[in-house]
Every structure is written in C-alpha cells, then in structure tokens.
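Just query28.txt here, compact mmCIF, C-alpha atoms:
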```txt
# COMPACT_ATOMS: atom_id res chain seq x y z
CA MET A 1 34.64 -1.68 -6.81
CA ASN A 2 31.77 0.37 -5.38
CA HIS A 3 28.43 -1.37 -5.07
CA ARG A 4 25.36 0.81 -5.56
CA PRO A 5 23.29 1.00 -2.35
CA GLU A 6 20.09 -1.05 -2.35
CA GLN A 7 17.02 0.93 -3.40
CA TYR A 8 13.75 0.98 -1.47
CA TYR A 9 10.47 1.77 -3.16
CA ALA A 10 7.41 3.79 -2.33
CA LYS A 11 4.30 1.88 -1.35
CA ILE A 12 0.66 2.21 -2.33
CA LEU A 13 -2.09 0.96 -0.06
CA LEU A 14 -4.52 -0.13 -2.79
CA PHE A 15 -7.22 -1.02 -0.26
CA GLY A 16 -7.50 -0.76 3.50
CA GLU A 17 -7.23 2.96 4.30
CA TYR A 18 -9.20 3.56 7.52
CA ALA A 19 -10.57 -0.03 7.36
CA VAL A 20 -7.32 -1.40 8.84
CA LEU A 21 -8.03 0.69 11.95
CA PHE A 22 -10.84 -1.84 12.55
CA ASN A 23 -8.38 -4.72 12.10
CA SER A 24 -9.80 -5.30 8.63
CA MET A 25 -8.09 -6.44 5.41
CA GLY A 26 -5.60 -4.35 3.46
CA LEU A 27 -3.60 -4.72 0.26
CA SER A 28 -0.31 -2.86 -0.14
CA ILE A 29 2.03 -2.90 -3.14
CA PRO A 30 5.55 -1.55 -3.76
CA TYR A 31 5.61 1.28 -6.31
CA THR A 32 8.91 1.42 -8.18
CA HIS A 33 8.22 4.80 -9.84
CA PHE A 34 9.42 6.48 -6.62
CA LYS A 35 12.39 5.20 -4.62
CA GLY A 36 15.23 6.09 -2.28
CA GLU A 37 18.66 4.91 -1.14
CA LEU A 38 21.15 5.72 1.60
CA SER A 39 23.97 7.98 0.45
CA PHE A 40 26.60 10.42 1.74
CA ILE A 41 26.59 14.17 1.18
CA ASP A 42 30.26 14.25 0.25
CA GLU A 43 29.91 11.72 -2.58
CA ASN A 44 30.60 13.09 -6.06
CA LYS A 45 27.05 12.87 -7.37
CA TYR A 46 24.24 15.26 -8.18
CA THR A 47 21.99 15.93 -5.25
CA ASP A 48 19.92 18.70 -3.70
CA ARG A 49 22.28 19.84 -0.94
CA LEU A 50 19.52 21.50 1.08
CA PHE A 51 17.40 18.33 0.99
CA ALA A 52 20.47 16.20 1.87
CA ARG A 53 21.32 18.34 4.92
CA ARG A 54 17.69 18.28 6.09
CA SER A 55 17.63 14.49 5.70
CA ASN A 56 20.91 14.22 7.63
CA LEU A 57 19.44 16.31 10.48
CA GLU A 58 16.41 14.02 10.56
CA LEU A 59 18.74 11.03 10.89
CA GLN A 60 20.54 12.74 13.80
CA LYS A 61 17.17 13.03 15.58
CA PHE A 62 16.39 9.44 14.62
CA CYS A 63 19.62 8.29 16.34
CA ASP A 64 18.48 10.08 19.51
CA TYR A 65 15.09 8.35 19.25
CA ILE A 66 16.75 4.93 18.88
CA GLU A 67 18.97 5.62 21.89
CA GLU A 68 16.13 6.95 24.10
CA ASN A 69 13.96 3.91 23.36
CA GLN A 70 16.84 1.42 23.67
CA PHE A 71 16.34 0.11 20.13
CA ASP A 72 20.12 -0.26 19.99
CA SER A 73 19.38 -3.84 21.06
CA PHE A 74 18.62 -4.54 17.38
CA ILE A 75 20.24 -1.55 15.58
CA HIS A 76 24.02 -0.92 15.41
CA LEU A 77 23.64 2.58 16.85
CA LYS A 78 27.39 3.40 17.07
CA LEU A 79 27.88 2.56 13.40
CA LEU A 80 24.76 4.51 12.40
CA LYS A 81 25.86 7.56 14.43
CA LYS A 82 29.33 7.41 12.87
CA ASP A 83 27.85 7.38 9.35
CA VAL A 84 25.41 10.18 10.17
CA THR A 85 28.39 12.28 11.34
CA ARG A 86 30.04 11.50 7.98
CA GLY A 87 27.01 12.93 6.15
CA LEU A 88 24.62 9.97 5.75
CA TYR A 89 21.25 10.92 4.30
CA PHE A 90 18.38 9.31 2.39
CA GLU A 91 18.39 10.34 -1.25
CA SER A 92 14.77 9.92 -2.28
CA SER A 93 12.29 10.77 -5.03
CA ILE A 94 9.33 9.67 -2.87
CA PRO A 95 7.08 12.71 -2.24
CA GLU A 96 6.67 13.48 1.46
CA SER A 97 3.19 13.71 3.04
CA TYR A 98 1.70 12.05 -0.04
CA GLY A 99 0.79 8.70 1.52
CA LEU A 100 3.50 6.84 -0.41
CA GLY A 101 5.62 5.73 2.55
CA SER A 102 8.68 8.00 2.35
CA SER A 103 9.62 7.37 6.00
CA GLY A 104 8.84 3.67 5.54
CA ALA A 105 11.42 3.38 2.76
CA LEU A 106 13.98 5.14 4.96
CA CYS A 107 13.32 2.74 7.87
CA ALA A 108 13.67 -0.25 5.53
CA ALA A 109 17.03 1.06 4.30
CA ILE A 110 18.28 1.73 7.85
CA TYR A 111 17.23 -1.72 9.04
CA LYS A 112 18.89 -3.53 6.12
CA LYS A 113 22.21 -1.74 6.63
CA TYR A 114 22.36 -1.35 10.42
CA ALA A 115 20.34 -4.20 11.97
CA ILE A 116 22.42 -6.35 14.34
CA LYS A 117 20.70 -9.52 13.12
CA THR A 118 18.94 -8.94 9.81
CA ILE A 119 15.94 -10.96 8.68
CA PRO A 120 16.60 -11.32 4.92
CA ASN A 121 14.17 -9.77 2.44
CA ASN A 122 13.54 -12.71 0.12
CA ARG A 123 10.56 -14.76 -1.05
CA ILE A 124 11.23 -17.65 1.32
CA ILE A 125 10.58 -15.55 4.41
CA ARG A 126 8.42 -17.31 7.01
CA ALA A 127 5.14 -15.97 8.39
CA GLU A 128 6.59 -15.48 11.89
CA GLN A 129 9.51 -13.51 10.41
CA ILE A 130 7.06 -11.18 8.64
CA THR A 131 5.29 -10.59 11.97
CA GLU A 132 8.62 -9.96 13.71
CA LEU A 133 9.70 -7.52 10.99
CA LYS A 134 6.37 -5.66 11.24
CA SER A 135 6.91 -5.25 14.99
CA ILE A 136 10.48 -3.95 14.51
CA PHE A 137 9.40 -1.53 11.77
CA SER A 138 6.49 -0.31 13.88
CA GLN A 139 8.97 0.68 16.61
CA LEU A 140 11.39 2.32 14.17
CA GLU A 141 8.86 4.29 12.12
CA SER A 142 7.11 5.55 15.25
CA GLY A 143 10.14 7.83 15.52
CA PHE A 144 8.76 9.76 12.54
CA HIS A 145 4.97 9.50 13.02
CA GLY A 146 4.36 9.08 16.73
CA GLN A 147 2.55 5.80 16.00
CA SER A 148 3.10 3.39 13.13
CA SER A 149 1.69 0.01 12.13
CA GLY A 150 5.03 -0.90 10.54
CA LEU A 151 3.31 -1.84 7.26
CA ASP A 152 4.92 0.85 5.08
CA PRO A 153 8.54 -0.10 5.87
CA LEU A 154 7.58 -3.79 5.70
CA ASN A 155 6.28 -3.33 2.16
CA SER A 156 9.30 -1.29 1.13
CA TYR A 157 11.65 -3.88 2.63
CA LEU A 158 10.04 -7.01 1.15
CA LYS A 159 9.31 -5.36 -2.26
CA LEU A 160 6.30 -7.59 -2.91
CA PRO A 161 2.52 -7.10 -2.56
CA LEU A 162 1.30 -7.69 0.99
CA LEU A 163 -2.13 -9.06 1.83
CA ILE A 164 -3.04 -7.89 5.32
CA HIS A 165 -5.66 -10.24 6.80
CA ASN A 166 -5.45 -8.50 10.19
CA SER A 167 -2.78 -6.98 12.41
CA GLN A 168 -1.28 -10.41 13.16
CA LYS A 169 -1.62 -12.18 9.80
CA ILE A 170 0.17 -10.85 6.70
CA GLU A 171 1.19 -12.81 3.61
CA LEU A 172 3.02 -12.18 0.35
CA VAL A 173 0.80 -12.38 -2.74
CA THR A 174 0.95 -11.88 -6.51
CA LEU A 175 -1.65 -9.94 -8.49
CA PRO A 176 -3.10 -11.55 -11.65
CA GLY A 177 -3.26 -8.32 -13.65
CA ARG A 178 -3.68 -9.92 -17.10
CA LYS A 179 -7.23 -11.03 -16.29
CA PHE A 180 -8.57 -7.49 -16.07
CA GLY A 181 -8.87 -6.56 -19.74
CA GLN A 182 -6.71 -5.10 -22.48
CA ASN A 183 -7.14 -1.42 -21.55
CA SER A 184 -7.45 -1.74 -17.77
CA ALA A 185 -5.20 0.26 -15.44
CA ILE A 186 -4.53 1.46 -11.93
CA PHE A 187 -3.38 5.09 -11.79
CA LEU A 188 -2.73 8.02 -9.48
CA VAL A 189 -4.15 11.53 -9.72
CA ASP A 190 -1.90 14.21 -8.23
CA THR A 191 -3.83 16.71 -6.06
CA ASP A 192 -0.76 18.98 -5.96
CA LYS A 193 -1.04 19.40 -2.20
CA GLN A 194 0.39 17.56 0.78
CA GLY A 195 -1.87 15.61 3.11
CA ASN A 196 -1.70 15.46 6.88
CA THR A 197 -2.65 12.04 8.21
CA ALA A 198 -2.92 12.59 11.98
CA PRO A 199 -5.86 15.10 12.09
CA LEU A 200 -7.78 13.14 9.44
CA VAL A 201 -7.48 9.86 11.36
CA LYS A 202 -8.49 11.68 14.54
CA ALA A 203 -11.58 13.14 12.81
CA PHE A 204 -12.50 9.73 11.39
CA LEU A 205 -12.26 8.02 14.81
CA LYS A 206 -14.34 10.85 16.28
CA SER A 207 -17.04 10.25 13.63
CA CYS A 208 -16.95 6.53 14.47
CA GLU A 209 -18.11 7.38 17.98
CA GLU A 210 -21.50 8.06 16.37
CA GLU A 211 -23.37 4.76 16.18
CA VAL A 212 -24.94 5.33 12.74
CA TYR A 213 -21.61 6.21 11.10
CA SER A 214 -19.81 3.36 12.86
CA GLU A 215 -22.43 0.87 11.62
CA GLN A 216 -22.05 2.14 8.04
CA ILE A 217 -18.30 1.63 8.25
CA LYS A 218 -18.63 -1.89 9.67
CA LYS A 219 -21.56 -3.11 7.55
CA GLU A 220 -20.90 -1.35 4.22
CA PHE A 221 -17.38 0.03 3.92
CA ILE A 222 -15.37 -2.86 5.38
CA PRO A 223 -17.23 -5.63 3.44
CA LEU A 224 -16.76 -3.62 0.19
CA ASN A 225 -13.07 -3.11 1.00
CA ASN A 226 -12.57 -6.83 1.67
CA SER A 227 -14.50 -7.88 -1.46
CA CYS A 228 -12.33 -5.63 -3.66
CA ILE A 229 -9.16 -7.19 -2.22
CA GLU A 230 -10.37 -10.78 -2.62
CA GLU A 231 -11.63 -10.19 -6.19
CA LEU A 232 -8.44 -8.42 -7.25
CA ILE A 233 -6.25 -11.27 -5.97
CA LYS A 234 -8.49 -13.92 -7.60
CA GLY A 235 -8.61 -12.01 -10.89
CA GLU A 236 -12.42 -11.66 -10.89
CA SER A 237 -12.69 -8.64 -13.18
CA THR A 238 -16.45 -7.86 -13.37
CA PRO A 239 -17.30 -8.07 -9.64
CA PHE A 240 -14.05 -6.23 -8.83
CA PHE A 241 -14.82 -3.17 -10.95
CA ASN A 242 -18.46 -3.19 -9.77
CA ASN A 243 -17.38 -3.17 -6.13
CA VAL A 244 -14.65 -0.55 -6.71
CA ALA A 245 -17.37 1.73 -8.10
CA LYS A 246 -19.52 1.08 -5.01
CA LEU A 247 -16.51 1.77 -2.76
CA SER A 248 -15.85 5.00 -4.66
CA SER A 249 -19.50 6.09 -4.20
CA PHE A 250 -19.34 5.26 -0.49
CA GLN A 251 -16.20 7.37 -0.02
CA LEU A 252 -17.70 10.24 -2.01
CA GLN A 253 -20.66 10.26 0.37
CA HIS A 254 -19.08 9.40 3.72
CA PHE A 255 -15.43 10.54 3.33
CA ARG A 256 -16.24 13.74 1.46
CA SER A 257 -14.27 15.98 3.84
CA MET A 258 -11.11 13.98 3.03
CA ILE A 259 -11.41 14.64 -0.72
CA PRO A 260 -9.96 17.98 -1.88
CA ASN A 261 -12.91 20.12 -3.09
CA GLU A 262 -11.51 20.70 -6.58
CA PHE A 263 -11.54 16.92 -7.22
CA LEU A 264 -15.15 16.23 -6.22
CA SER A 265 -16.53 16.96 -9.70
CA ILE A 266 -14.08 14.66 -11.52
CA TRP A 267 -14.73 11.94 -8.89
CA GLU A 268 -18.48 12.23 -9.62
CA LEU A 269 -17.92 12.37 -13.40
CA GLY A 270 -15.95 9.12 -13.45
CA LEU A 271 -18.81 7.34 -11.69
CA GLU A 272 -21.54 8.94 -13.82
CA LYS A 273 -19.82 7.97 -17.09
CA LYS A 274 -18.86 4.54 -15.67
CA MET A 275 -15.40 5.28 -17.05
CA PHE A 276 -13.24 5.18 -13.90
CA SER A 277 -13.53 4.99 -10.12
CA LEU A 278 -11.50 7.10 -7.72
CA LYS A 279 -10.76 6.37 -4.09
CA LEU A 280 -8.53 7.74 -1.36
CA CYS A 281 -4.88 6.74 -1.48
CA GLY A 282 -3.99 6.66 2.18
CA SER A 283 -5.68 9.10 4.52
CA GLY A 284 -6.65 11.68 1.88
CA GLY A 285 -6.72 15.43 2.37
CA GLY A 286 -4.18 15.81 -0.45
CA GLY A 287 -1.40 13.64 -1.86
CA PHE A 288 -2.61 11.28 -4.58
CA LEU A 289 -6.03 9.88 -5.37
CA LEU A 290 -6.11 6.30 -6.62
CA GLY A 291 -7.98 5.38 -9.80
CA PHE A 292 -9.19 2.15 -11.43
CA THR A 293 -10.44 1.85 -14.99
CA GLN A 294 -11.15 -0.62 -17.78
CA ASN A 295 -10.76 2.17 -20.35
CA TYR A 296 -7.46 3.87 -19.62
CA SER A 297 -7.02 5.62 -22.97
CA GLN A 298 -10.32 7.55 -22.60
CA THR A 299 -9.70 8.15 -18.91
CA GLN A 300 -6.27 9.67 -19.61
CA GLU A 301 -7.73 11.89 -22.31
CA LEU A 302 -10.56 13.16 -20.09
CA LEU A 303 -8.36 13.81 -17.05
CA LYS A 304 -5.76 15.66 -19.13
CA ILE A 305 -8.47 17.84 -20.71
CA LYS A 306 -9.63 18.68 -17.17
CA GLY A 307 -6.04 19.67 -16.31
CA HIS A 308 -5.25 16.84 -13.89
CA LYS A 309 -1.81 15.21 -13.62
CA ILE A 310 -1.91 11.42 -13.65
CA VAL A 311 0.74 8.76 -13.05
CA THR A 312 0.38 5.13 -14.14
CA VAL A 313 0.71 2.47 -11.44
CA TYR A 314 -0.20 -0.54 -13.56
CA GLN A 315 -1.37 -0.75 -17.17
CA ASN A 316 -2.49 -3.87 -19.03
CA ASN A 317 -1.37 -3.34 -22.65
```

Just give me the structure as structure tokens.
Amino acid sequence: MNHRPEQYYAKILLFGEYAVLFNSMGLSIPYTHFKGELSFIDENKYTDRLFARRSNLELQKFCDYIEENQFDSFIHLKLLKKDVTRGLYFESSIPESYGLGSSGALCAAIYKKYAIKTIPNNRIIRAEQITELKSIFSQLESGFHGQSSGLDPLNSYLKLPLLIHNSQKIELVTLPGRKFGQNSAIFLVDTDKQGNTAPLVKAFLKSCEEEVYSEQIKKEFIPLNNSCIEELIKGESTPFFNNVAKLSSFQLQHFRSMIPNEFLSIWELGLEKKMFSLKLCGSGGGGFLLGFTQNYSQTQELLKIKGHKIVTVYQNN
C-alpha cells in the first residue's frame, strides 16, 4: 500500500517583514492554500514535466551544496542523491518569488525524509528543539537564497503559527480569530508580478544608515509591528485594527518604493474609507500584498470592481 508523501505548506509572515532584521518580533503562519510534496517524475500522475525536470535539476545542485558544506553530517546525502537520480522533485503549487516560502517548504520536506536524526514535528516539541531546527533549516535554505534565517522552513515543518520574540526565542502559538468580528478577514492581493528580496533588503539596510530613517524604524515601525502581534494573539480587536491602519500608513509613507505603483491608489483608498488596511507580505516589490479588514464583503466587492485578484487567508463567518 502506497502512502501519500507528507505535504508542506506555504507560509505567510503576517508581521515582522524588515523589523526582524533588527531582531524584533515576527508572526508567521502556515498557509494551506498552497502546498508541496516530494514526488518522482516517473510516477503515473499528472504533472508539469518541464517544472518537474527543473525542480530535479535544482535538487542536483542542492546535493552539491550539502556535500560542499559537509551538511551530510545531518542529511543522508547518499540516499538523497540516489533518489534525485531516480527523478525526485518537489511538486508544488506555492508561487515562487512571491514571499510564500516555496524553498522553505522544500527544505522542510527534504529534512523530514532525509535527516539522519529527525526532530519530530509535533506539538510537544521543546523550545531548544525549535532553536536547533531553526539553525539546521538556516543552513539548508541558504543553499537557495545565499542567506536564510531558517524561519520559512521551520514554519512549513511545524505547521503551526510561530511567534518570533527574537532570533533566539520562538514559540508555537494559536490565534484567537473568533474575537475579531463576524465579517473580519485576512486576505492576499495578487500583484501579478514576482518580487526579488535581495535588492530590496539591501536598499532598506542602506536607508537605515541614515539616522533619521533608522530612528523612524526603531521608534515608530518596530513598536507598531510588535503591538499588532501582541494584540492579534490576545484577541484585542479594536486596538489591533487601529494599529494595523497606522502600520499601513507608515509603510505607505516610508516603504513606498517597495509597493508596486499600480497598487498605491487602492492602498490609499482602503485607509481613506477605513474599510481595509494593506501591508507588505514579505519584502514587497511584487508577490502578494497582505490585507486586514472588519468588513470583508465590501472589501471584496471594491477590490473586484478595481480589477484586483484576492485570496482569502482567514475569514470569520
């Protein structure tokens, strides 16, 4: 009897983009709408052959990376290489370069199947095991990005919301969604273009060399980011939506270059009408924008009239 491979989900960093670079708080959730699993090209199932071959080539390079960096101390490299030769690839619906953790899901899948000594992904995981996993995933995912915090694969692997206090303290949390009103929702707006994280992060760090900008980030942006996270976890609806609107206004003013031009007007409109608040989802520059609203039915109607594609993350019916 064939067992279906375990699936690994996309992730959404609800709060913490750019702030985590200052060792600030972050809140990341698994997003089950997009997912991936390890598979073989020769299996009798529908797949995009071109995508599968490209994924298999990426895994060949990944094997070289593991070998060069001697990560075969915790990954069964011979077994992984053998399976890659047999046509192993990552069958995934997670959009690439959209800030949803496509390479993170792949690293989670590789670790679960090929780790020499696997830390189990269950709710009784200890704090020190989470830290150890983050370190392992940081090393693995750096093979795709050059530098990785390890948070994306960690979220995909554990499949539960992660509260990031700082780089060394991460805990599993639950979100009390029911307290946020009958028609409240978290949603994504598709910009229809890929983002490119590295140059945006570089530009942001360059801006932070200016004292005035750096002070605004530390004294305004980070406290707003942290307040949103704390209020969301506690279920404090009114202060949460007030602070999300302030965070949205801050990003509109100070992160404007990271927002695709054709979405500036709808970003402003949501704030003016006090109907919804948009923020960056990841580094920006494309991918998805993240939205929060207490009136999802009107928000959906308005965004569809304006021709924007939206995807529901969480809806309180």

Inset, instruction - Would you please work out which residue, of A:Ile116, A:Lys35, A:Ala108, A:Ile94, is nearest to Ser73 of chain A when using all atoms listed in the file? - result: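 Selected residue with least distance to Ser73 of chain A: A:Ile116.
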
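Restricting the calculation to only C-alpha atoms, the smallest distance between Ser149 of chain A and any of A:Gln216, A:Asn183, A:Ser277, A:Asn23 is found for A:Asn23.
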
Legend entry - Distance in Å - atom CA of Ile12 of chain A versus atom CA of Gly36 of chain A: 15.1 Å

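Interatomic distance, atom CA of Ser227 of chain A against atom CA of Met25 of chain A: 9.5 Å.
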
Inset, instruction - Do a neighbour search on Ser92 of chain A at 9 Å with all atoms listed in the file, toss out local chain neighbours closer than 5 positions, and write the hits as a PyMOL selection string. - result: chain A and resi 34-38+102+105-106

Inset, instruction - Work out how far apart atom CA of Thr312 of chain A and atom CA of Asn225 of chain A are and give it in Å to one decimal. - result: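 Atom CA of Asn225 of chain A lies at a distance of 21.9 Å from atom CA of Thr312 of chain A.
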
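Checking A:Tyr31, A:Pro153, A:Glu17, A:Gln298 one by one against Val311 of chain A, counting all atoms listed in the file, you find the shortest gap at A:Tyr31.
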
Legend entry - Spatial neighbours of segment 141-144 of chain A, max dist 7 Å, only C-alpha atoms, sep filter under 5 positions, as a ChimeraX atom specification: /A:62,65,103-104,107,150

Inset, instruction - Please determine the residues with any atom at most 12 Å from (17.2, -2.6, 20.5) (coordinates as given in the file, with all atoms listed in the file counting) and report them as JSON, numbers by chain. - result: {"A": [63, 65, 66, 67, 68, 69, 70, 71, 72, 73, 74, 75, 76, 77, 111, 114, 115, 116, 117, 135, 136, 137, 139, 140]}

Written selection (C-alpha atoms) as a PDB file, keeping the file's coordinate frame:
```pdb
ATOM      1  CA  CYS A  63      19.620   8.290  16.340  1.00  0.00           C
ATOM      2  CA  TYR A  65      15.090   8.350  19.250  1.00  0.00           C
ATOM      3  CA  ILE A  66      16.750   4.930  18.880  1.00  0.00           C
ATOM      4  CA  GLU A  67      18.970   5.620  21.890  1.00  0.00           C
ATOM      5  CA  GLU A  68      16.130   6.950  24.100  1.00  0.00           C
ATOM      6  CA  ASN A  69      13.960   3.910  23.360  1.00  0.00           C
ATOM      7  CA  GLN A  70      16.840   1.420  23.670  1.00  0.00           C
ATOM      8  CA  PHE A  71      16.340   0.110  20.130  1.00  0.00           C
ATOM      9  CA  ASP A  72      20.120  -0.260  19.990  1.00  0.00           C
ATOM     10  CA  SER A  73      19.380  -3.840  21.060  1.00  0.00           C
ATOM     11  CA  PHE A  74      18.620  -4.540  17.380  1.00  0.00           C
ATOM     12  CA  ILE A  75      20.240  -1.550  15.580  1.00  0.00           C
ATOM     13  CA  HIS A  76      24.020  -0.920  15.410  1.00  0.00           C
ATOM     14  CA  LEU A  77      23.640   2.580  16.850  1.00  0.00           C
ATOM     15  CA  TYR A 111      17.230  -1.720   9.040  1.00  0.00           C
ATOM     16  CA  TYR A 114      22.360  -1.350  10.420  1.00  0.00           C
ATOM     17  CA  ALA A 115      20.340  -4.200  11.970  1.00  0.00           C
ATOM     18  CA  ILE A 116      22.420  -6.350  14.340  1.00  0.00           C
ATOM     19  CA  LYS A 117      20.700  -9.520  13.120  1.00  0.00           C
ATOM     20  CA  SER A 135       6.910  -5.250  14.990  1.00  0.00           C
ATOM     21  CA  ILE A 136      10.480  -3.950  14.510  1.00  0.00           C
ATOM     22  CA  PHE A 137       9.400  -1.530  11.770  1.00  0.00           C
ATOM     23  CA  GLN A 139       8.970   0.680  16.610  1.00  0.00           C
ATOM     24  CA  LEU A 140      11.390   2.320  14.170  1.00  0.00           C
TER      25      LEU A 140
END
```

Inset, instruction - Mind checking which residues fall within 9 Å of Phe22 of chain A, counting all atoms listed in the file, ignoring those fewer than 4 positions away in the same chain, and posting them as a list in words? - result: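 The filter keeps Tyr18, Asn166, Lys218 and Ile222 of chain A.
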
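Among A:Gly287, A:Gly26, A:Pro5, A:Pro260, the residue with the shortest atom-to-atom distance to Glu230 of chain A, counting all atoms listed in the file, is A:Gly26.
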
Inset, instruction - Determine the nearest neighbour of Val189 of chain A from the options A:Thr85, A:Ser148, A:Thr299, A:Thr174, counting all atoms listed in the file. - result: A:Thr299
